[in-house]
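Asker: Before I ask anything, here is the structure I am working with.
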Amino acid sequence: MTVFSPATTGNELTVPVHITNKSNKRLFYQVEIRVTGPGGFDVTRSMETDTVGVYPGASWPTELTFTDSEGKPVPESPRVTIVKSSAKVIG
């Protein structure tokens, strides 16, 4: 899994994520990412690959969007942390 630098648009921060299945089995991925920054910005988002999973050798590009429900400002230099990442075999 690769997590790219976040991009800011208004009061949203978008973090691109690219998952590549390097195994020889179809996998189902779960990812949880946290973004923090000065001023109290602290948001965690999670995603799961579709019910079909990711086939061997295939990739799954996606992005997670972060906004603070309490209106905290989007940080200029956010800290992005992978909180949890797991994969399980389908079938």
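Ordering of the structure tokens sets the chain letters (A, B, ...), residue numbers begin anew at 1 in every chain, and ligands are numbered from 1 in the order given.
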Any idea what's packed within 8 Å of Glu32 (chain A), counting only C-alpha atoms, ignoring anything in its chain fewer than 3 positions away? Could you give it as a ChimeraX atom specification?
Answerer: /A:44-47,82-85
Asker: Need the shell around Asp50 (chain A): protein/DNA/RNA residues with any atom at most 9 Å away, counting only C-alpha atoms. Skip same-chain ones fewer than 4 positions apart. Format as number ranges by chain?
Answerer: A: 28-29, 54
Asker: Output all heavy atoms for every residue in the selection just made, as a short mmCIF file (atom, residue, chain, number, x, y, z; two decimals), in the first residue's frame.
Answerer:
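Output saved as part_14.cif:
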```cif
data_model
loop_
_atom_site.label_atom_id
_atom_site.label_comp_id
_atom_site.auth_asym_id
_atom_site.auth_seq_id
_atom_site.Cartn_x
_atom_site.Cartn_y
_atom_site.Cartn_z
N PHE A 28 -9.17 -9.07 0.32
CA PHE A 28 -10.07 -8.02 0.78
C PHE A 28 -9.28 -7.15 1.74
O PHE A 28 -8.73 -7.66 2.72
CB PHE A 28 -11.27 -8.67 1.48
CG PHE A 28 -12.28 -7.72 2.01
CD1 PHE A 28 -13.21 -7.13 1.18
CD2 PHE A 28 -12.33 -7.42 3.36
CE1 PHE A 28 -14.17 -6.26 1.68
CE2 PHE A 28 -13.27 -6.56 3.86
CZ PHE A 28 -14.19 -5.97 3.02
N TYR A 29 -9.16 -5.84 1.47
CA TYR A 29 -8.34 -4.95 2.28
C TYR A 29 -9.19 -4.03 3.14
O TYR A 29 -10.24 -3.56 2.71
CB TYR A 29 -7.46 -4.07 1.39
CG TYR A 29 -6.36 -4.84 0.68
CD1 TYR A 29 -6.60 -5.44 -0.55
CD2 TYR A 29 -5.10 -4.96 1.25
CE1 TYR A 29 -5.60 -6.14 -1.21
CE2 TYR A 29 -4.09 -5.66 0.59
CZ TYR A 29 -4.36 -6.25 -0.62
OH TYR A 29 -3.37 -6.94 -1.27
N VAL A 54 -9.55 -7.53 -4.29
CA VAL A 54 -8.54 -7.14 -5.27
C VAL A 54 -7.89 -8.42 -5.79
O VAL A 54 -7.36 -9.22 -5.02
CB VAL A 54 -7.48 -6.20 -4.64
CG1 VAL A 54 -6.47 -5.77 -5.67
CG2 VAL A 54 -8.14 -4.98 -4.00
#
```
Asker: Do you have the CA of Lys22 (chain A)-CA of Pro6 (chain A) distance handy?
Answerer: 24.7 Å
Asker: Would you pick out the contacts of Gly57 (chain A) at 12 Å or less, using only C-alpha atoms, so that residues sharing its chain but fewer than 2 positions from it are not included, and give the list as a list in words?
Answerer: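 The filter keeps Ile19, Thr20, Asn21, Lys22, Ser23, Asn24, Lys25, Arg26, Leu27, Gly53, Val54, Tyr55, Ser59 and Trp60 of chain A.
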Asker: Rank nothing, just name the residue among A:Val80, A:Thr8, A:Val31, A:Pro56 nearest to Val43 (chain A), using only C-alpha atoms.
Answerer: A:Val80
Asker: Could you work out how far CA of Asn11 (chain A) lies from CA of Lys72 (chain A), giving the answer in Å with one decimal?
Answerer: 8.8 Å
Asker: Restricting the calculation to only C-alpha atoms, which member of A:Thr49, A:Ser86, A:His18, A:Val3 is positioned closest to Pro61 (chain A)?
Answerer: A:His18
Asker: Enumerate as a VMD selection string all residues of chain A assigned to strand (DSSP E or B) by DSSP on the backbone, naming them with the chain letters and numbers the document uses.
Answerer: chain A and resid 2 to 3 7 to 9 12 to 20 27 to 37 41 to 48 54 59 to 66 79 to 89
Asker: Between CA of Thr36 (chain A) and CA of Ala7 (chain A), what is the spacing in Å?
Answerer: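 Value for the CA of Ala7 (chain A)-CA of Thr36 (chain A) distance: 14.0 Å.
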Asker: Between A:Gly91, A:Phe4, A:Val52, A:Leu13, which residue has the minimum interatomic distance to Val35 (chain A), considering only C-alpha atoms?
Answerer: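 Among the listed residues, the smallest separation from Val35 (chain A) belongs to A:Leu13.
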Asker: Determine the nearest neighbour of Ser77 (chain A) from the options A:Ser5, A:Gln30, A:Thr65, A:Thr51, counting only C-alpha atoms.
Answerer: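 Checking each candidate against Ser77 (chain A), we get A:Ser5 as the closest.
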Asker: I'd like to know which of A:Val89, A:Thr67, A:Pro78, A:Thr2 is closest to Pro38 (chain A), using only C-alpha atoms.
Answerer: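 Among the listed residues, the smallest separation from Pro38 (chain A) belongs to A:Pro78.
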Asker: Find the residues near Asp68 (chain A): any atom within 8 Å, counting only C-alpha atoms, skip ones fewer than 5 places away on the same chain, and give them as a PyMOL selection string.
Answerer: chain A and resi 41-43+73-74
